[in-house]
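A.B. asks: If you scroll down you'll find the structure; I have some questions about it.
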4 protein chains.
Amino acid sequence: MSHNTFGHLFRVTTWGESHGPAIGCVVDGCPPLIPLTETDIQGYMDKRKPGQSKFTTQRQEADAVRILSGVMVDADGVQKTTGTPISLLVENTDQRSKDYSEIRDRYRPGHADYTYDAKYGIRDYRGGGRSSARETAMRVAAGAVARKVIPGITVRGALVQIGPHRIDRAAWDWAEVDNNPFFCPDRAAAERWADYLSGIRKAGSSVGAVIEVVAEGVPAGLGAPLYGKLDQDIAAALMSINAVKGVEIGNGFAAAELTGEDNADEMRAGADGSPSFLSNNAGGILGGISSGQPVVARFAVKPTSSILTPRRSVTRQGDEVDVMTRGRHDPCVGIRAVPVGEAMLACVLADHALRHRGQIG
Amino acid sequence: MSHNTFGHLFRVTTWGESHGPAIGCVVDGCPPLIPLTETDIQGYMDKRKPGQSKFTTQRQEADAVRILSGVMVDADGVQKTTGTPISLLVENTDQRSKDYSEIRDRYRPGHADYTYDAKYGIRDYRGGGRSSARETAMRVAAGAVARKVIPGITVRGALVQIGPHRIDRAAWDWAEVDNNPFFCPDRAAAERWADYLSGIRKAGSSVGAVIEVVAEGVPAGLGAPLYGKLDQDIAAALMSINAVKGVEIGNGFAAAELTGEDNADEMRAGADGSPSFLSNNAGGILGGISSGQPVVARFAVKPTSSILTPRRSVTRQGDEVDVMTRGRHDPCVGIRAVPVGEAMLACVLADHALRHRGQIG
Amino acid sequence: MSHNTFGHLFRVTTWGESHGPAIGCVVDGCPPLIPLTETDIQGYMDKRKPGQSKFTTQRQEADAVRILSGVMVDADGVQKTTGTPISLLVENTDQRSKDYSEIRDRYRPGHADYTYDAKYGIRDYRGGGRSSARETAMRVAAGAVARKVIPGITVRGALVQIGPHRIDRAAWDWAEVDNNPFFCPDRAAAERWADYLSGIRKAGSSVGAVIEVVAEGVPAGLGAPLYGKLDQDIAAALMSINAVKGVEIGNGFAAAELTGEDNADEMRAGADGSPSFLSNNAGGILGGISSGQPVVARFAVKPTSSILTPRRSVTRQGDEVDVMTRGRHDPCVGIRAVPVGEAMLACVLADHALRHRGQIG
Amino acid sequence: MSHNTFGHLFRVTTWGESHGPAIGCVVDGCPPLIPLTETDIQGYMDKRKPGQSKFTTQRQEADAVRILSGVMVDADGVQKTTGTPISLLVENTDQRSKDYSEIRDRYRPGHADYTYDAKYGIRDYRGGGRSSARETAMRVAAGAVARKVIPGITVRGALVQIGPHRIDRAAWDWAEVDNNPFFCPDRAAAERWADYLSGIRKAGSSVGAVIEVVAEGVPAGLGAPLYGKLDQDIAAALMSINAVKGVEIGNGFAAAELTGEDNADEMRAGADGSPSFLSNNAGGILGGISSGQPVVARFAVKPTSSILTPRRSVTRQGDEVDVMTRGRHDPCVGIRAVPVGEAMLACVLADHALRHRGQIG
């Protein structure tokens, strides 16, 4: 048994392995009559695709997405969704299966090699197979569709920490995010990171990171307590991304250190009768329901497990070996996790937006 | 629309408001032939129930659980599950609705008052209604059933931080957890916390906390990539608990600061042929699947929003007011969140254990 | 594993055994702000409850329903739904467990005795336990809530065949349905049935029946192809009722005998611009989506398996025995299946009405 | 919102339109280590594909299925499932979109044209788009995978009625099914049908049919009462097939006419200790759970709505028109529904077999 679908009303099912002929997804539940072309999706694919800078894996993939179903050109010549499932497909073009033959029987520490074997008794060792971050390409594709479902909501992300180096939050400038290879909102930090990560890369090492994703324009009322809470679904969506080990909303773990006085987001009367919040410690979610403030989430990714330094391990047969991972790898998977995190947040919000319509009729 | 069920094969649906006649849950998917009595559940209920020390709310509830269905006394006189849904019910006995009348139209900062109103246009203001932590009693009840489904797995929890004060992890002693009112595994820390939290309580203030839950005896192979990952489901389960703002697995956010060399859990050949891990940075989960190591998760709760210090807010009608919450409250909801966190972890593991059986036949 | 929930957005989870302390259900997903009291539900309960005539079981149950959660009296004194789960409970008061002791180890032919044992290895033999038609009381309760979700839709049912005796469809008069103990819309047929069924009853025998349920006022557009088709969900809902062996929509099995010319429902321009259909062979559903015509479904129930004539069977231990079922039974379960069928149709329509809102926003 | 997935543990998501570039499905939840090649699937595809005789549509499609993910060649050179989602794709090669242009704005009676428009406000009119029976090709593909999950169960189907002409059940011979273009198990009936259906075809007319599907080797214990009953899921699966208007299990609607004495399936002690049934009126299911007897289901399909005789209808704009459907059509869709019905039954049984494993550990 496996579970390759996320979402409830806006549902995404992904399939495909790193080194198979293609990867793809089916987006089910997208409302009809939404203009949608491959171009709408491709821009986000390009943001995530490998080989964009020396700081990401050098695998070359065009990641050209094709829409195989669920759209139709209407009488006005505009291609629109029809309400039927949208099948998206990306061909794999730069598989180098030979790179991986030597790790067929070796469990790479930090990877899912052993656990897939323990679960399934068989595993596609070529490039990590299904556990490869290559699957996240389809999350980004689905996220691009999700964004069209919630046109009033803006979802953006940024890298806020790489290894021990954090940004200066006071220097946050969204405009900087696309000006450096890190999606870093702090220009000075990005410059420092370039030096730092170059060193990591040259040493064949890797390092973890923290990504922040923010959704603005979220109306109050999204979320379904108690077990369809908006923050619960965001936590699940972000934790499902490869290498993620922690998720937090608003103040997150820092909230543990605060008193009730400091943590409360006070309110004053807003212009339109709804409350105007004076702070956003809650990250835009109270009791599992959006408050109308920006939804703010962060997630931590561990360092890439593929490194050049040998690590002790065992084989499928139980023999002790040293494992060293050559291949092509990201020195920091956190960079390409930025568009992936945005996509997952967009998908969750699209799903909840549709659920919310179902209720208030 | 609301979503009051969690779990896939082991499914729990909770219902009830803080000040209604009763709260309850239906546990569906529990295998048959498991001995189960109310006594099996009551011990866990008592651990969570209010009024156990001066550090928790003084609301008095026996939290006596009744099993209304799904069990039968067999020919040997042993009450066992029958495979049909188990209905559990707890009567509310100490509702003091008068305490809450003054906040009927006032949005308490940090609470879900405004967001429930924004979503539903109506809200049960008595004691927080459905958003009250009282609902967590049924999570604990369900968790007690879950534990019986996975008899080989031990699930335990502890408070590891209260406000800015953390335990000394070197002093961790599980035996201490039940010797202090904080479920603290560090005796010396517990003593310091008593003074600290007394001050908080007397000031009518509150403070956040971090809880750690650990499952030992988890077999390798639980978890269903990619969107039924074990860590994804744990993140969702813990984030769904009231006041939780962050969740992490294994090293969690600290993993962001590590290099690949430091983060890798190396392996040597184990006695039974399976790998023996030399560390557990991963928290027992790789690629969304359990590795056979202990599963380790932590979650942060924000400070109780009910405090004596007035906070600025607005009314339903849009008038600006100051809100001060009298009533009976926990100065640190993190304490009673320990058995709740354990219960959620047990439910997730029971669910995945049943899913895993479905696969490997 | 068991599955005791039906519905997607309007979800009903039932629990309870025939001879346990109570039965109940949780209705999750009901929109807020709908006026709802126990009185709204009780009328439907009374229609289904046993002992209403000599043609149904003589078990005496008040079937008094209690609402334990999910409603609140608003400022105007009107009790309304709050959007949180609605817990409904009915106490069992007339259990006579002694009646059933002799069949504890005997598999009654036609009943689920053997199959429950084969599946679970344990079974509540008292009155059929979970497999008893007593569970259908909670379907009726849930259906009463469902009706309030779709106020513009009228759901009605009638018995159209009992044993080999069918009604004269030309004589159909909805007003007659409540004038006889069979929910029969044909006055003359009801009179004949009274004699016929009296004979069956006195002989300790039983007989099958066919029920027709009709929903008027269903808007066009409900249903979600391909695997959430309205007729698919109706088929599932009706087939899930005890003793049901067949379900059909519109012309149903008779459609097999028709040509395309005869079966087509032709259309003319309607007053409001939407098509006006000249016939309703389709039973109001085309391609899984409602057409705006009345939704018409029929289902067949087999004869009650509890009869006085001995039947050959075996025991749990494999011994051959003759089984004769005394106890209190319905000579035709089809009668009380009428309100149950209505309830299921109402639940499906409420569910699809909410789903539809989610889409077209 | 749409719902294009069926199954719970063995889940199939289909996508694609009649005249798009391709159709496909994702089979999720298939256990690992099952040998699976395209050849295993293609045989079933060929049975369903169009153009096999003059009695089915003359559209020419190779229906060549490709496996894009979820399998891997193991060390022994055998291609096996890996437990990850299996993506299957079939290219559309014989689309003739020009055939359909004239019905773009016309609602064909009996088709889903109007209802799709009513629901979505847009519809792919080319060959019926998503509502085309072309989608059933992927059901057959998924069913081929399902059969491999339940190797001990044999699923077969036959056409038992075409228009008013039924088979002689005494003449049933499974070996005949593949000897005629109707999947008819009665040789003499098949000969008569050939004449009858030739007449229908030449007249540009169409006719309905009844299909029977049978599963042998089903172990006792499959099915999950109350709302995951095996017969409920079969009813849903069969009703979801295009043009189906009725479903029955075992005696089905005929059970309504029987007495309890006649309908009971008596039992004697079987060789292995389990009961040996003396008849199978129940169709192998009691209380929603399989009894170990063959599972028998029948479903009725209406006549193809595409006929040459003009029928009255309206356009999207509300103008009254006559509609006559040229194009390429099946005079009796019941024929090609045989392999589709088998596939759906196989999928339901695979799903329940996996669920059952989940429970009894």
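Just remember, in the structure tokens the first chain shown is A, the second B, etc., residues are 1-based per chain, and ligands are 1-based in the order shown.
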Show me, as a PyMOL selection string, the residues of chain C whose atoms get within 9 Å of chain B, using only C-alpha atoms for the distance check.

C.D. replies: chain C and resi 1-5+9-10+13-17+20-26+28-33+68-72+74+80-87+119-124+130+354

A.B. asks: Mind checking which residues fall within 12 Å of Ser279 in chain B, counting only C-alpha atoms, ignoring those fewer than 2 positions away in the same chain, and posting them as a VMD selection string?

C.D. replies: (chain A and resid 109 to 110 312) or (chain B and resid 250 to 251 262 to 268 275 to 277 281 to 284 291 293 to 294)

A.B. asks: Would you output that residue set with C-alpha atoms, as a PDB file, in the first residue's frame?

C.D. replies:
ATOM      1  CA  PRO A 109      23.169   6.711   5.405  1.00  0.00           C
ATOM      2  CA  GLY A 110      20.495   9.374   5.681  1.00  0.00           C
ATOM      3  CA  ARG A 312      29.942   3.648   7.540  1.00  0.00           C
TER       4      ARG A 312
ATOM      5  CA  GLY B 250      14.621  13.833  15.338  1.00  0.00           C
ATOM      6  CA  ASN B 251      17.062  16.702  15.092  1.00  0.00           C
ATOM      7  CA  ASP B 262      27.349  15.254  11.051  1.00  0.00           C
ATOM      8  CA  ASN B 263      23.744  14.478  10.295  1.00  0.00           C
ATOM      9  CA  ALA B 264      24.157  11.030   8.734  1.00  0.00           C
ATOM     10  CA  ASP B 265      23.192   8.144  10.976  1.00  0.00           C
ATOM     11  CA  GLU B 266      25.877   5.598  10.221  1.00  0.00           C
ATOM     12  CA  MET B 267      25.151   1.884  10.341  1.00  0.00           C
ATOM     13  CA  ARG B 268      26.920  -1.280  11.329  1.00  0.00           C
ATOM     14  CA  PRO B 275      21.346  -2.504  10.276  1.00  0.00           C
ATOM     15  CA  SER B 276      22.340  -1.232  13.674  1.00  0.00           C
ATOM     16  CA  PHE B 277      22.319   2.561  13.664  1.00  0.00           C
ATOM     17  CA  ASN B 281      19.475  12.156  14.148  1.00  0.00           C
ATOM     18  CA  ALA B 282      16.635  11.103  11.894  1.00  0.00           C
ATOM     19  CA  GLY B 283      14.285  10.443  14.802  1.00  0.00           C
ATOM     20  CA  GLY B 284      13.597   6.961  13.533  1.00  0.00           C
ATOM     21  CA  SER B 291      13.796   2.629  10.415  1.00  0.00           C
ATOM     22  CA  GLN B 293      14.941   3.098  15.724  1.00  0.00           C
ATOM     23  CA  PRO B 294      12.863   4.983  18.308  1.00  0.00           C
TER      24      PRO B 294
END

A.B. asks: Tell me, which residues of range 6-180 of chain A carry DSSP helix (DSSP H, G or I), written as a count of residues only?

C.D. replies: 58

A.B. asks: What gap, in Å, lies between CA of Arg316 in chain D and CA of Ile289 in chain C?

C.D. replies: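 Taking CA of Arg316 in chain D as the start and CA of Ile289 in chain C as the end point, the length is 16.9 Å.
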
A.B. asks: Excluding Leu230 in chain A and its own-chain neighbours fewer than 6 positions away, which residues fall within 7 Å of it when counting only C-alpha atoms? Please give them as a PDB file with all heavy atoms, in the first residue's frame.

C.D. replies:
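Below is the file out-v2.pdb, written as the result:
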ATOM      1  N   LEU A 222     -10.752  30.066   6.465  1.00  0.00           N
ATOM      2  CA  LEU A 222     -10.283  28.810   5.880  1.00  0.00           C
ATOM      3  C   LEU A 222      -9.734  27.898   6.986  1.00  0.00           C
ATOM      4  O   LEU A 222      -9.001  28.323   7.858  1.00  0.00           O
ATOM      5  CB  LEU A 222      -9.180  29.055   4.845  1.00  0.00           C
ATOM      6  CG  LEU A 222      -9.491  29.971   3.669  1.00  0.00           C
ATOM      7  CD1 LEU A 222      -8.438  29.792   2.580  1.00  0.00           C
ATOM      8  CD2 LEU A 222     -10.876  29.738   3.111  1.00  0.00           C
ATOM      9  N   GLY A 223     -10.068  26.635   6.893  1.00  0.00           N
ATOM     10  CA  GLY A 223      -9.623  25.674   7.899  1.00  0.00           C
ATOM     11  C   GLY A 223     -10.816  24.974   8.507  1.00  0.00           C
ATOM     12  O   GLY A 223     -11.886  25.553   8.616  1.00  0.00           O
ATOM     13  N   ALA A 224     -10.627  23.730   8.848  1.00  0.00           N
ATOM     14  CA  ALA A 224     -11.758  22.934   9.328  1.00  0.00           C
ATOM     15  C   ALA A 224     -11.378  22.212  10.608  1.00  0.00           C
ATOM     16  O   ALA A 224     -10.844  21.110  10.563  1.00  0.00           O
ATOM     17  CB  ALA A 224     -12.180  21.946   8.247  1.00  0.00           C
ATOM     18  N   GLY A 288      -6.964  26.768  14.200  1.00  0.00           N
ATOM     19  CA  GLY A 288      -6.966  25.990  12.961  1.00  0.00           C
ATOM     20  C   GLY A 288      -7.632  26.687  11.800  1.00  0.00           C
ATOM     21  O   GLY A 288      -7.741  26.134  10.711  1.00  0.00           O
ATOM     22  N   ILE A 289      -8.080  27.938  12.018  1.00  0.00           N
ATOM     23  CA  ILE A 289      -8.810  28.689  10.990  1.00  0.00           C
ATOM     24  C   ILE A 289      -8.049  29.970  10.681  1.00  0.00           C
ATOM     25  O   ILE A 289      -7.544  30.633  11.585  1.00  0.00           O
ATOM     26  CB  ILE A 289     -10.236  29.036  11.483  1.00  0.00           C
ATOM     27  CG1 ILE A 289     -10.979  27.754  11.888  1.00  0.00           C
ATOM     28  CG2 ILE A 289     -11.009  29.805  10.426  1.00  0.00           C
ATOM     29  CD1 ILE A 289     -12.326  28.009  12.534  1.00  0.00           C
TER      30      ILE A 289
END
